[in-house]
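Visitor: Structure file data_31.csv (CSV, C-alpha atoms and all ligand atoms) is given on the next line.
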```
chain,number,residue,atom,x,y,z
A,1,MET,CA,65.7,117.4,114.2
A,2,GLU,CA,68.5,120.0,114.0
A,3,LYS,CA,70.3,121.1,110.8
A,4,LYS,CA,74.1,120.8,111.2
A,5,GLY,CA,77.0,121.4,108.9
A,6,CYS,CA,76.8,121.2,105.1
A,7,LEU,CA,78.1,117.9,104.0
A,8,TYR,CA,77.7,118.4,100.2
A,9,GLU,CA,76.5,120.9,97.7
A,10,GLY,CA,75.4,119.6,94.3
A,11,LYS,CA,73.9,121.4,91.3
A,12,ALA,CA,70.4,121.3,92.6
A,13,LYS,CA,70.6,120.5,96.3
A,14,ARG,CA,72.5,121.1,99.5
A,15,ILE,CA,72.8,118.2,102.0
A,16,TYR,CA,73.4,118.8,105.7
A,17,GLU,CA,74.1,116.5,108.6
A,18,THR,CA,71.8,116.3,111.6
A,19,GLU,CA,72.3,115.2,115.2
A,20,LYS,CA,71.5,111.6,114.0
A,21,PRO,CA,74.4,110.2,111.9
A,22,GLU,CA,72.0,108.1,109.8
A,23,VAL,CA,69.7,111.0,108.9
A,24,LEU,CA,70.5,113.9,106.5
A,25,TRP,CA,68.7,117.2,105.8
A,26,VAL,CA,68.2,118.2,102.1
A,27,GLU,CA,67.6,121.7,100.9
A,28,TYR,CA,66.5,122.1,97.2
A,29,LYS,CA,68.0,125.0,95.4
A,30,ASP,CA,66.6,127.3,92.7
A,31,ASP,CA,69.5,126.6,90.4
A,32,ALA,CA,68.8,124.9,87.1
A,33,THR,CA,71.6,123.3,85.1
A,34,ALA,CA,71.7,121.3,81.9
A,35,PHE,CA,74.2,119.8,79.5
A,36,ASN,CA,76.6,118.8,82.3
A,37,GLY,CA,76.5,122.3,83.9
A,38,GLU,CA,77.2,124.2,80.6
A,39,LYS,CA,73.8,125.9,80.8
A,40,LYS,CA,73.0,127.5,84.2
A,41,GLU,CA,70.3,129.7,85.6
A,42,THR,CA,68.6,130.6,88.8
A,43,LEU,CA,64.9,129.9,88.5
A,44,LEU,CA,62.9,131.2,91.5
A,45,GLY,CA,60.6,128.6,93.0
A,46,LYS,CA,62.2,125.6,91.2
A,47,GLY,CA,63.6,124.3,94.5
A,48,ARG,CA,60.1,124.4,96.1
A,49,LEU,CA,58.5,122.6,93.2
A,50,ASN,CA,61.1,119.8,93.0
A,51,ASN,CA,61.0,119.2,96.7
A,52,GLU,CA,57.2,119.2,96.8
A,53,ILE,CA,56.9,116.9,93.8
A,54,SER,CA,59.7,114.6,94.9
A,55,SER,CA,58.2,114.3,98.4
A,56,LEU,CA,54.7,113.5,97.0
A,57,ILE,CA,56.1,110.9,94.7
A,58,PHE,CA,58.4,109.2,97.2
A,59,SER,CA,55.5,109.1,99.8
A,60,THR,CA,53.2,107.6,97.2
A,61,LEU,CA,55.8,104.9,96.3
A,62,ALA,CA,56.4,104.2,100.0
A,63,LYS,CA,52.6,103.5,100.4
A,64,GLN,CA,53.0,101.0,97.5
A,65,GLY,CA,55.9,99.2,99.2
A,66,VAL,CA,58.8,100.9,97.4
A,67,LYS,CA,61.4,101.8,100.0
A,68,SER,CA,63.6,104.9,99.4
A,69,HIS,CA,65.9,107.2,101.3
A,70,PHE,CA,63.0,109.6,101.8
A,71,ILE,CA,61.8,110.1,105.4
A,72,GLU,CA,59.6,113.2,105.4
A,73,ARG,CA,59.0,116.6,103.9
A,74,LEU,CA,60.1,119.3,106.3
A,75,SER,CA,59.1,122.5,104.5
A,76,GLU,CA,58.5,123.8,101.0
A,77,THR,CA,62.1,123.4,100.1
A,78,GLU,CA,63.4,120.8,102.6
A,79,GLN,CA,63.2,117.1,103.4
A,80,LEU,CA,64.8,114.5,105.7
A,81,ILE,CA,66.4,111.5,104.1
A,82,ARG,CA,68.3,108.4,105.3
A,83,ARG,CA,72.0,108.6,104.8
A,84,VAL,CA,73.2,106.3,102.0
A,85,THR,CA,76.3,106.0,99.9
A,86,ILE,CA,75.3,106.9,96.4
A,87,ILE,CA,76.2,104.3,93.8
A,88,PRO,CA,77.7,106.4,90.9
A,89,ILE,CA,75.3,104.9,88.3
A,90,GLU,CA,72.4,106.7,86.7
A,91,VAL,CA,69.7,104.2,85.8
A,92,VAL,CA,67.5,105.6,83.0
A,93,VAL,CA,64.2,103.9,81.9
A,94,ARG,CA,62.7,104.9,78.6
A,95,ASN,CA,59.1,104.2,77.5
A,96,VAL,CA,59.1,106.6,74.5
A,97,ALA,CA,62.0,107.8,72.4
A,98,ALA,CA,63.2,111.3,73.3
A,99,GLY,CA,66.3,113.2,74.3
A,100,SER,CA,69.8,111.6,73.9
A,101,LEU,CA,68.4,108.4,72.5
A,102,VAL,CA,67.0,110.1,69.5
A,103,LYS,CA,70.3,111.8,68.8
A,104,ARG,CA,72.4,108.7,69.5
A,105,LEU,CA,70.5,105.9,67.7
A,106,GLY,CA,68.2,107.7,65.3
A,107,PHE,CA,64.8,106.7,66.9
A,108,THR,CA,61.9,109.0,66.0
A,109,ARG,CA,61.0,111.3,68.8
A,110,GLY,CA,57.7,110.1,70.3
A,111,GLU,CA,58.0,106.5,69.2
A,112,THR,CA,56.7,104.1,71.9
A,113,PHE,CA,58.8,101.1,72.8
A,114,HIS,CA,57.0,97.7,73.2
A,115,LYS,CA,59.1,97.1,76.3
A,116,PRO,CA,60.8,99.7,78.4
A,117,ILE,CA,64.5,100.3,77.7
A,118,VAL,CA,66.9,100.4,80.7
A,119,GLU,CA,70.2,102.2,80.3
A,120,LEU,CA,73.1,102.6,82.8
A,121,TYR,CA,75.3,105.8,82.8
A,122,TYR,CA,78.4,106.5,84.8
A,123,LYS,CA,77.7,109.4,87.2
A,124,ASP,CA,80.9,111.3,86.6
A,125,ASP,CA,80.8,115.0,85.7
A,126,GLU,CA,84.3,115.1,84.4
A,127,LEU,CA,83.6,112.3,81.9
A,128,GLY,CA,80.2,113.8,81.1
A,129,ASP,CA,78.1,110.9,82.5
A,130,PRO,CA,78.8,108.4,79.7
A,131,LEU,CA,76.6,105.4,78.8
A,132,MET,CA,78.2,102.2,80.0
A,133,ASN,CA,77.4,98.5,80.2
A,134,GLU,CA,77.4,96.0,83.0
A,135,GLU,CA,80.9,94.8,82.2
A,136,HIS,CA,82.2,98.4,82.5
A,137,ILE,CA,80.5,98.6,85.8
A,138,GLN,CA,82.2,95.5,87.1
A,139,ALA,CA,85.6,96.5,85.7
A,140,LEU,CA,85.2,99.9,87.5
A,141,GLN,CA,84.0,98.1,90.6
A,142,LEU,CA,81.0,100.4,90.9
A,143,ALA,CA,78.5,97.7,91.8
A,144,THR,CA,78.2,93.9,92.1
A,145,PRO,CA,76.2,91.9,89.5
A,146,ASP,CA,73.5,91.4,92.2
A,147,GLU,CA,73.3,95.1,92.9
A,148,ILE,CA,73.0,95.8,89.1
A,149,GLN,CA,70.2,93.3,88.9
A,150,THR,CA,68.5,94.8,91.9
A,151,MET,CA,68.7,98.4,90.5
A,152,LYS,CA,67.4,97.3,87.1
A,153,GLU,CA,64.5,95.4,88.7
A,154,LYS,CA,63.6,98.2,91.0
A,155,ALA,CA,63.8,100.7,88.2
A,156,LEU,CA,61.3,98.7,86.1
A,157,ALA,CA,59.0,98.3,89.1
A,158,VAL,CA,59.1,102.0,89.8
A,159,ASN,CA,58.4,102.6,86.1
A,160,GLU,CA,55.2,100.7,86.3
A,161,GLN,CA,54.1,102.6,89.3
A,162,LEU,CA,55.1,106.0,87.9
A,163,ILE,CA,53.3,105.3,84.6
A,164,GLU,CA,50.1,104.7,86.5
A,165,LEU,CA,50.6,107.7,88.8
A,166,PHE,CA,51.1,110.1,85.9
A,167,LYS,CA,48.4,108.5,83.8
A,168,ARG,CA,45.9,109.4,86.5
A,169,ILE,CA,46.8,113.1,86.0
A,170,ASP,CA,46.8,112.9,82.2
A,171,VAL,CA,50.5,112.9,81.9
A,172,GLN,CA,52.6,110.4,79.9
A,173,LEU,CA,55.9,109.3,81.5
A,174,ILE,CA,58.4,109.3,78.6
A,175,ASP,CA,61.6,108.5,80.5
A,176,PHE,CA,63.3,109.2,83.8
A,177,LYS,CA,66.5,108.7,85.7
A,178,LEU,CA,67.0,107.1,89.1
A,179,GLU,CA,69.9,106.9,91.5
A,180,PHE,CA,70.4,104.3,94.2
A,181,GLY,CA,72.5,104.2,97.4
A,182,ARG,CA,73.7,101.7,99.9
A,183,ASP,CA,72.5,102.1,103.5
A,184,THR,CA,74.8,101.1,106.4
A,185,SER,CA,73.6,97.5,106.2
A,186,GLY,CA,74.5,97.4,102.4
A,187,ASN,CA,70.9,97.4,101.2
A,188,VAL,CA,70.3,99.1,97.9
A,189,LEU,CA,67.8,101.9,98.4
A,190,LEU,CA,66.2,104.2,95.9
A,191,ALA,CA,67.7,107.7,96.4
A,192,ASP,CA,68.1,111.2,95.0
A,193,GLU,CA,64.9,112.7,93.6
A,194,ILE,CA,62.0,112.0,91.3
A,195,SER,CA,60.8,115.3,89.8
A,196,PRO,CA,60.4,117.1,86.5
A,197,ASP,CA,64.2,117.6,86.6
A,198,THR,CA,64.7,113.9,86.3
A,199,CYS,CA,61.7,112.8,84.3
A,200,ARG,CA,60.3,113.6,80.9
A,201,LEU,CA,56.6,114.3,81.3
A,202,TRP,CA,54.2,115.1,78.4
A,203,ASP,CA,50.6,116.0,78.5
A,204,ILE,CA,48.7,112.9,77.3
A,205,LYS,CA,46.4,114.9,74.9
A,206,THR,CA,48.6,117.8,73.6
A,207,GLY,CA,52.1,116.3,74.0
A,208,GLU,CA,53.2,119.6,75.8
A,209,SER,CA,56.3,119.1,78.0
A,210,PHE,CA,56.1,119.8,81.7
A,211,ASP,CA,59.8,119.0,82.5
A,212,LYS,CA,63.3,120.2,82.3
A,213,ASP,CA,63.3,120.2,78.5
A,214,LEU,CA,61.5,123.5,78.9
A,215,PHE,CA,64.8,124.9,80.2
A,216,ARG,CA,67.2,122.7,78.2
A,217,PHE,CA,65.7,123.7,74.9
A,218,GLN,CA,64.0,127.0,75.8
A,219,GLN,CA,60.6,125.5,75.0
A,220,GLY,CA,58.7,127.5,77.6
A,221,ASN,CA,58.5,128.5,81.3
A,222,LEU,CA,60.0,125.8,83.5
A,223,GLN,CA,58.2,126.9,86.7
A,224,GLU,CA,54.8,126.9,84.9
A,225,GLY,CA,55.4,123.3,83.7
A,226,TYR,CA,56.5,122.1,87.1
A,227,GLU,CA,53.6,123.9,88.8
A,228,THR,CA,51.2,122.1,86.4
A,229,ILE,CA,52.6,118.7,87.6
A,230,PHE,CA,52.4,119.8,91.2
A,231,ASN,CA,48.8,121.0,90.9
A,232,ARG,CA,47.6,117.9,89.0
A,233,LEU,CA,49.2,115.7,91.7
A,234,GLY,CA,47.0,117.5,94.2
A,235,GLY,CA,49.6,120.0,95.6
A,236,GLN,CA,48.7,123.4,96.7
A,237,ALA,CA,49.8,126.4,94.6
B,1,LIG,O1,69.1,113.2,78.1
B,1,LIG,P1,68.5,111.8,78.1
B,1,LIG,O2,67.6,111.6,77.0
B,1,LIG,O3,69.6,110.7,78.2
B,1,LIG,O4,67.8,111.7,79.5
B,1,LIG,C1,66.9,110.6,79.8
B,1,LIG,C2,66.2,110.9,81.1
B,1,LIG,O5,67.0,111.0,82.2
B,1,LIG,C3,65.5,112.3,81.1
B,1,LIG,O6,64.2,112.2,81.8
B,1,LIG,C4,66.4,113.2,81.9
B,1,LIG,O7,65.7,114.2,82.5
B,1,LIG,C5,67.0,112.2,82.9
B,1,LIG,N1,68.4,112.6,83.2
B,1,LIG,C6,68.7,113.1,84.5
B,1,LIG,N2,70.0,113.4,84.8
B,1,LIG,C7,71.0,113.2,84.0
B,1,LIG,C8,70.7,112.7,82.7
B,1,LIG,C9,69.4,112.4,82.3
B,1,LIG,O8,67.8,113.3,85.3
B,1,LIG,N3,72.2,113.5,84.4
```
Kindly transcribe the structure held in the file into structure tokens.
Guide:
Amino acid sequence: MEKKGCLYEGKAKRIYETEKPEVLWVEYKDDATAFNGEKKETLLGKGRLNNEISSLIFSTLAKQGVKSHFIERLSETEQLIRRVTIIPIEVVVRNVAAGSLVKRLGFTRGETFHKPIVELYYKDDELGDPLMNEEHIQALQLATPDEIQTMKEKALAVNEQLIELFKRIDVQLIDFKLEFGRDTSGNVLLADEISPDTCRLWDIKTGESFDKDLFRFQQGNLQEGYETIFNRLGGQA
């Protein structure tokens, strides 16, 4: 496979075309951003860790029957994916109260929910990714009711699988964000990445964070936290 022109550059990744129109080449960058790009830093090795962790997780999910855009890991910082049109909705699943939910609704940080909470956010930097409901999604014509249902069901199924995957390495899955895209046949596929950039991951025993909160709230060294997750998942340092 050959890397062609850059199609898109986001906050954490660059996406290139290949000689196959349906296949794209992703390069993970070392840039870290938070609070809608207000906080920005280059953190050496972050791209490698997110690419490795996301590749491991998408491969594991594929073995369990969850299809995604992921095709294969190419190098420490690169992977091949299927081309999809991203649906501009961020699907967040929460098992334990943390982050914006604590701020918005007054839950106690660390409180476990009896049933996971699914939230939908509008993926729009200018608007600051606001929370929205299904009626807003339909009015904005972002997705059909069937697609919304599919995304919510898939997100809850992925939640069950990720909870187990992380439990095996003594990590509690607090919450995470997923993105979905439509392939050329209109199928809704899991897309983007699943990494400590997009999940909250706490040590089961100590409650220590191994995720982007390390960077967001200056709680510690981001690369050390991500490396812990990668090593516990069986990755090579
Ligand atoms: O900030 P908040 O508590 O709403 O985030 C919930 C989860 O979604 C966290 O795991 C966070 O890392 C993830 N998230 C994300 N990208 C965003 C917003 C949230 O990956 N734009």
Visitor: Work out how far apart CA of Ile169 in chain A and CA of Gly234 in chain A are and give it in Å to one decimal.
Guide: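 Computing the Euclidean distance for CA of Ile169 in chain A and CA of Gly234 in chain A yields 9.3 Å.
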Visitor: Would you tabulate, counting all atoms listed in the file, all residues of chain A that have an atom at most 6 Å from an atom of ligand LIG 1 (chain B), showing the closest pair of atoms and their distance in Å to one decimal, sorted by chain then ascending number, as CSV?
Guide:
```
residue,atom,partner,partner_atom,distance
A:Val92,CA,B:LIG1,O5,5.5
A:Ala98,CA,B:LIG1,O2,5.8
A:Gly99,CA,B:LIG1,O2,3.4
A:Ser100,CA,B:LIG1,O2,3.8
A:Leu101,CA,B:LIG1,O2,5.6
A:Asp175,CA,B:LIG1,O6,4.7
A:Phe176,CA,B:LIG1,O6,3.7
A:Lys177,CA,B:LIG1,O5,4.2
A:Asp197,CA,B:LIG1,O7,5.5
A:Thr198,CA,B:LIG1,O8,3.3
A:Cys199,CA,B:LIG1,O6,3.6
A:Arg200,CA,B:LIG1,O6,4.2
```
Visitor: Between A:Ser185, A:Ser75, A:Gln172, A:Asn36, which is the closest to Phe210 in chain A once you count only C-alpha atoms?
Guide: A:Gln172
Visitor: Using all atoms listed in the file for the distances, tell me which of A:Leu80, A:Ala62, A:Leu173, A:Ala34 is nearest to Glu17 in chain A.
Guide: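 Comparing A:Leu80, A:Ala62, A:Leu173, A:Ala34 against Glu17 in chain A, the winner is A:Leu80.
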Visitor: Quick one: of A:Gln141, A:Ser68, A:Thr108, A:Ser209, who's nearest to Val171 in chain A, counting all atoms listed in the file?
Guide: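 Once distances to Val171 in chain A are computed over all atoms listed in the file, the minimum belongs to A:Ser209.
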Visitor: Taking all atoms listed in the file into account, which of A:Ala12, A:Cys6, A:Leu233, A:Leu189 comes nearest Met151 in chain A?
Guide: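 With all atoms listed in the file as the atom set, the closest residue is A:Leu189.
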Visitor: Kindly give the distance, in Å, that separates CA of Leu44 in chain A and CA of Asp30 in chain A, rounded to a single decimal.
Guide: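 So the answer is 5.5 Å.
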Visitor: Could you tell me which of A:Lys103, A:Arg14, A:Lys20, A:Arg216 comes closest to Asp192 in chain A if we count all atoms listed in the file?
Guide: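 Nearest to Asp192 in chain A: A:Arg14.
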Visitor: What gap, in Å, lies between CA of Glu208 in chain A and CA of Thr228 in chain A?
Guide: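 These two atoms are separated by 11.1 Å.
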Visitor: Let me make sure I understand: among A:Leu43, A:Thr33, A:Ala139, A:Glu22, which one has the smallest atom-to-atom distance to Glu224 in chain A if we use all atoms listed in the file?
Guide: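 Of A:Leu43, A:Thr33, A:Ala139, A:Glu22, the one nearest Glu224 in chain A, counting all atoms listed in the file, is A:Leu43.
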Visitor: Every residue with an atom at most 7 Å from (78.5, 108.2, 85.0) (file coordinates; all atoms listed in the file) is what I'm after, so could you write them as a PyMOL selection string?
Guide: chain A and resi 88-90+121-124+129-130
Visitor: Write to file, as a compact mmCIF listing (two decimals), in the coordinates of the input, the residues of the selection just made, with C-alpha atoms.
Guide:
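The resulting file, again.txt, is shown below:
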```txt
# COMPACT_ATOMS: atom_id res chain seq x y z
CA PRO A 88 77.70 106.40 90.90
CA ILE A 89 75.30 104.90 88.30
CA GLU A 90 72.40 106.70 86.70
CA TYR A 121 75.30 105.80 82.80
CA TYR A 122 78.40 106.50 84.80
CA LYS A 123 77.70 109.40 87.20
CA ASP A 124 80.90 111.30 86.60
CA ASP A 129 78.10 110.90 82.50
CA PRO A 130 78.80 108.40 79.70
```
Visitor: Distance cut-off 8 Å, centre (59.8, 115.3, 99.0) in file coordinates, counting only C-alpha atoms: which residues qualify? Return them as a compact mmCIF listing (two decimals) with C-alpha atoms, in the coordinates of the input.
Guide:
```txt
# COMPACT_ATOMS: atom_id res chain seq x y z
CA ASN A 50 61.10 119.80 93.00
CA ASN A 51 61.00 119.20 96.70
CA GLU A 52 57.20 119.20 96.80
CA ILE A 53 56.90 116.90 93.80
CA SER A 54 59.70 114.60 94.90
CA SER A 55 58.20 114.30 98.40
CA LEU A 56 54.70 113.50 97.00
CA ILE A 57 56.10 110.90 94.70
CA PHE A 58 58.40 109.20 97.20
CA SER A 59 55.50 109.10 99.80
CA PHE A 70 63.00 109.60 101.80
CA GLU A 72 59.60 113.20 105.40
CA ARG A 73 59.00 116.60 103.90
CA GLU A 78 63.40 120.80 102.60
CA GLN A 79 63.20 117.10 103.40
CA GLU A 193 64.90 112.70 93.60
```
Visitor: I want to know what sits within 12 Å of Pro116 in chain A, based on all atoms listed in the file, with residues of the same chain fewer than 2 positions away left out; could you give that as a list in words?
Guide: Val92, Val93, Arg94, Asn95, Val96, Ala97, Glu111, Thr112, Phe113, His114, Val118, Glu119, Lys152, Glu153, Ala155, Leu156, Ala157, Val158, Asn159, Glu160, Ile163, Leu173, Ile174, Asp175 and Phe176 of chain A
Visitor: Find the axis-aligned box for range 172-189 of chain A, covering all its listed atoms and adding 4 Å on each side, and write its centre and edge lengths in Å to one decimal as AutoDock Vina command-line options.
Guide:
```
--center_x 63.7 --center_y 103.9 --center_z 92.5 --size_x 30.2 --size_y 21.0 --size_z 35.8
```
Visitor: With all atoms listed in the file as the counted atoms, please give the residues lying no more than 8 Å from Phe215 in chain A, apart from itself and same-chain residues fewer than 4 positions off, as number ranges by chain.
Guide: A: 32, 34, 219-222
